[in-house]
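A short write-up of the structure that comes next.
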Amino acid sequence: MKQYNDDKKKLILLIIITIILYIILYPQHSFYPDTYDYLFAGESILSLDYPYSIIHRGPIIPFFISILLALNIKMLTIMFIIPLIFSIFAVIAVFFLGKTLIKDGFTPSIILLTIPYFWRYSTRLIVDIPLLAFSSIALLYFFKTVEIKESYFYKTCIFTLVSILTKITGFILIPIYFLYALTQKKISMFTKKSMIIPIIITIILFLTIITTMWILSGSTGMDYLNGFSTVSKTHTISILFYMIRLTIIPWSLFFIIGIYQTLKEKKKEQTYLLISFLTILFAFTSLGWKEVRFIAPLFGIYAIIATIGYNKIKIITPKISKILFILLMMFTSLETIAISTLDNNTHWGIDILANEIQTFDNNTIIQSEYMPDMLKMITGYNVIPILTNNTDQKVNTDYIILSIYSEFEREPIGAYDYPKILGKDIKLIKLKNTSIRPPKDYTFNSKYYHNINNKYQKISEIKNKNQTVFIIYRQ
């Protein structure tokens, strides 16, 4: 009972910390590009439609979105609520996974909350942090299946299926199960009736869902999967892509010691962690397209292994271990703040623009070169794309919206960075800026902009600090 009460207090504290950090680090006026697809899919479900294959966009997050939409909750509110729910869920899942494998759930959860990449993606309406949560629970129940009782396998199958339906890469759990059973010489367990029945039920459910999505979307998704795996060389990055990004996290000091202890002690719990870590790492490293968010299922495992390293140092030198923990948490927190704001200027201001649009008459027709479909969903107004790249608009339009993002695509000239010495630009050395984000000092200056500006009445500008991001014209 005392242990239960202690765990309850720790979980409540972790939830409070998560909510506070989420509110502080929430990106406010920017959103992740994939967010539109999930909102659109959620809206489509309400009309018994689904626009994507399971391989492209799994149905779990859109299903949650559709429930909230059915309750008349606004899109912008949904973009805030769902990531918060799954951030909390992920922390709780890692707590119980750590509690089961190393008898410590609190420390891995604290480490997870200070992993920079966790906050970069947990505040966005995308599927990678939900996958972290569901896959952590699936891994927890499979370990219990092998080491405690086979009846846990039903729960393993449920959370494995949910992981796959959240994001198709949830399939990575299956080789982890087989590899661990093989190392523990329990591979024959999969031939037992108690294991075969839940496997068959899971496969039937999966095939039913994927067939339904195929019928609704008209796509198997294989074209997307082929494009994903054979992406152009410009996106094929070094095999060290993920290792480098994991290594620069300050907690890697403890993580390396944790890996050493795992190899040295060879406990079954630690073997399970190592197999999970390496399988996920190697699988995503083998893909042509790489983004840090893809390895989100690793974050919890990384945190638990780092805790093993910390606990080892704590045994050797308790005082120094505490000092190190505090210092690393401080350094990682600073890195978290820096990395979590990397995307804050990407697709900035959609909520501000939406609020501005909602001041117009309801029967207004608006042409926007910036995310017209997204603006239409959020506002409910008739927002359509700009149909031509000239001033002779082909429809009767009340308002025209230009964006700095489209301006940068039209005129990427002058997108250069300079090395700095003592805060001053060294303009003798010009470095081309290959980012898709407009530089902070980039301004409207294209021929297209001047034509629109001379022909129509400018009624509003929306700025991010000193940079004009949107210009609204009345026709």
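In the structure tokens, chains take letters A, B, ... by order of appearance, with residues numbered from 1 within each chain and ligands from 1 in the order shown.
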
Set out as a Markdown table a contact list for stretch 289-342 of chain A and stretch 97-100 of chain A with a cut-off of 12 Å, giving each residue of stretch 289-342 of chain A that qualifies its closest atom pair and distance in Å to one decimal, counting only C-alpha atoms, ordered by chain and rising residue number.
```
| residue | atom | partner | partner_atom | distance |
| --- | --- | --- | --- | --- |
| A:Gly300 | CA | A:Leu97 | CA | 8.3 |
| A:Ile301 | CA | A:Gly98 | CA | 8.5 |
| A:Tyr302 | CA | A:Gly98 | CA | 10.7 |
| A:Ala303 | CA | A:Gly98 | CA | 8.7 |
| A:Ile304 | CA | A:Gly98 | CA | 5.9 |
| A:Ile305 | CA | A:Gly98 | CA | 9.2 |
| A:Ala306 | CA | A:Gly98 | CA | 11.0 |
| A:Thr307 | CA | A:Gly98 | CA | 8.9 |
| A:Ile308 | CA | A:Gly98 | CA | 10.0 |
```

Take the residues that were just selected and, keeping N, CA and C atoms, output them as an mmCIF file, in the first residue's frame.
```cif
data_model
loop_
_atom_site.group_PDB
_atom_site.id
_atom_site.type_symbol
_atom_site.label_atom_id
_atom_site.label_comp_id
_atom_site.auth_asym_id
_atom_site.auth_seq_id
_atom_site.Cartn_x
_atom_site.Cartn_y
_atom_site.Cartn_z
ATOM 1 N N GLY A 300 11.773 6.681 -24.647
ATOM 2 C CA GLY A 300 11.565 6.063 -23.339
ATOM 3 C C GLY A 300 12.638 5.045 -23.016
ATOM 4 N N ILE A 301 13.009 4.242 -24.012
ATOM 5 C CA ILE A 301 14.052 3.230 -23.818
ATOM 6 C C ILE A 301 15.386 3.901 -23.500
ATOM 7 N N TYR A 302 15.689 4.966 -24.236
ATOM 8 C CA TYR A 302 16.899 5.756 -23.986
ATOM 9 C C TYR A 302 16.916 6.257 -22.545
ATOM 10 N N ALA A 303 15.780 6.789 -22.079
ATOM 11 C CA ALA A 303 15.695 7.343 -20.724
ATOM 12 C C ALA A 303 15.906 6.265 -19.664
ATOM 13 N N ILE A 304 15.381 5.067 -19.908
ATOM 14 C CA ILE A 304 15.530 3.981 -18.932
ATOM 15 C C ILE A 304 16.977 3.498 -18.883
ATOM 16 N N ILE A 305 17.613 3.362 -20.051
ATOM 17 C CA ILE A 305 19.015 2.942 -20.078
ATOM 18 C C ILE A 305 19.897 4.000 -19.418
ATOM 19 N N ALA A 306 19.601 5.278 -19.649
ATOM 20 C CA ALA A 306 20.354 6.359 -18.984
ATOM 21 C C ALA A 306 20.185 6.286 -17.475
ATOM 22 N N THR A 307 19.000 5.886 -17.018
ATOM 23 C CA THR A 307 18.759 5.730 -15.582
ATOM 24 C C THR A 307 19.598 4.607 -15.003
ATOM 25 N N ILE A 308 19.791 3.536 -15.772
ATOM 26 C CA ILE A 308 20.671 2.444 -15.323
ATOM 27 C C ILE A 308 22.079 2.984 -15.077
#
```

Pick out each residue of stretch 86-227 of chain A that DSSP on the backbone tags as alpha helix (DSSP H); I need them as a VMD selection string. chain A and resid 86 to 102 106 to 113 116 to 122 128 to 147 153 to 166 173 to 183 193 to 217 222 to 227

Any idea what the distance is between atom CA of A:Ile17 and atom CA of A:Ile115? 14.0 Å

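Between atom CA of A:Gly105 and atom CA of A:Thr247 there is a distance of 22.6 Å.
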
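Of the listed residues A:Leu353, A:Phe408, A:Leu71, A:Pro130, the one whose atoms come nearest to A:Leu375 is A:Leu353, with distances taken using only C-alpha atoms.
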
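The closest residue to A:Arg437, picked from A:Ser460, A:Ser406, A:Thr212, A:Ser136 and counting only C-alpha atoms, is A:Ser406.
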
I'd like the contact shell of A:Leu131 - 7 Å cut-off, only C-alpha atoms, skipping same-chain residues fewer than 4 positions apart - returned as a PyMOL selection string. chain A and resi 127+135+163+166-167+297

I need the chosen residues saved as a PDB file, in the first residue's frame, with C-alpha atoms.
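Okay, this is what ended up in result.pdb:
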```
ATOM      1  CA  VAL A 127       1.632  10.795 -34.384  1.00  0.00           C
ATOM      2  CA  SER A 135       4.587   1.169 -28.096  1.00  0.00           C
ATOM      3  CA  SER A 163       0.625   1.252 -32.328  1.00  0.00           C
ATOM      4  CA  THR A 166      -1.232   5.041 -35.036  1.00  0.00           C
ATOM      5  CA  LYS A 167       1.726   4.842 -37.404  1.00  0.00           C
ATOM      6  CA  PRO A 297       9.660   5.078 -29.664  1.00  0.00           C
TER       7      PRO A 297
END
```

If I take atom CA of A:Glu356 and atom CA of A:Pro33, how far is one from the other in Å, to one decimal? 20.8 Å

Which polymer residues have any atom within 8 Å of an atom of A:Thr160, counting only C-alpha atoms, with same-chain residues fewer than 5 positions away left out, as an MDAnalysis selection string? chainID A and resid 134:135 138 170:171 173

For A:Lys185, list every protein, DNA or RNA residue within 12 Å, evaluated using only C-alpha atoms, and leave out those in the same chain fewer than 5 positions away; present the list as a list in words. Val146, Glu147, Phe178, Leu179, Tyr180, Phe190 and Lys268 of chain A

Fewer than 6 positions away in the same chain doesn't count, so skip those; otherwise give me all residues within 10 Å of A:Tyr121, counting only C-alpha atoms, as number ranges by chain. A: 32, 83, 87, 127-129, 292-293, 296, 340, 343

Using C-alpha atoms, can you write the selected residues to a file as a short mmCIF file (atom, residue, chain, number, x, y, z; two decimals), in the first residue's frame?
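Output below, filename out.cif:
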```cif
data_model
loop_
_atom_site.label_atom_id
_atom_site.label_comp_id
_atom_site.auth_asym_id
_atom_site.auth_seq_id
_atom_site.Cartn_x
_atom_site.Cartn_y
_atom_site.Cartn_z
CA TYR A 32 3.64 21.32 -37.97
CA PRO A 83 -0.78 16.63 -28.05
CA SER A 87 2.41 13.92 -23.78
CA VAL A 127 1.63 10.80 -34.38
CA ASP A 128 5.16 10.18 -33.14
CA ILE A 129 4.63 10.86 -29.42
CA VAL A 292 14.45 12.62 -35.56
CA ARG A 293 10.74 12.25 -34.78
CA ALA A 296 10.30 8.69 -30.88
CA SER A 340 11.91 22.95 -29.20
CA ASP A 343 10.07 25.07 -35.89
#
```

Excluding same-chain residues fewer than 6 positions from stretch 319-322 of chain A, what lies within 10 Å of it counting only C-alpha atoms, as a PDB file with N, CA and C atoms, in the first residue's frame?
```
ATOM      1  N   PHE A 254      25.192   9.343 -18.964  1.00  0.00           N
ATOM      2  CA  PHE A 254      24.594   8.243 -18.215  1.00  0.00           C
ATOM      3  C   PHE A 254      24.201   7.098 -19.146  1.00  0.00           C
ATOM      4  N   TYR A 310      22.887   6.141 -14.428  1.00  0.00           N
ATOM      5  CA  TYR A 310      22.843   7.044 -13.276  1.00  0.00           C
ATOM      6  C   TYR A 310      22.844   6.260 -11.966  1.00  0.00           C
ATOM      7  N   ASN A 311      22.047   5.192 -11.908  1.00  0.00           N
ATOM      8  CA  ASN A 311      21.983   4.378 -10.685  1.00  0.00           C
ATOM      9  C   ASN A 311      23.318   3.729 -10.360  1.00  0.00           C
ATOM     10  N   LYS A 312      24.085   3.377 -11.399  1.00  0.00           N
ATOM     11  CA  LYS A 312      25.408   2.797 -11.174  1.00  0.00           C
ATOM     12  C   LYS A 312      26.347   3.827 -10.551  1.00  0.00           C
ATOM     13  N   ILE A 313      26.339   5.045 -11.088  1.00  0.00           N
ATOM     14  CA  ILE A 313      27.179   6.113 -10.519  1.00  0.00           C
ATOM     15  C   ILE A 313      26.733   6.439  -9.102  1.00  0.00           C
ATOM     16  N   LEU A 328      23.397  17.955 -15.576  1.00  0.00           N
ATOM     17  CA  LEU A 328      22.936  17.456 -16.870  1.00  0.00           C
ATOM     18  C   LEU A 328      21.499  17.891 -17.141  1.00  0.00           C
TER      19      LEU A 328
END
```
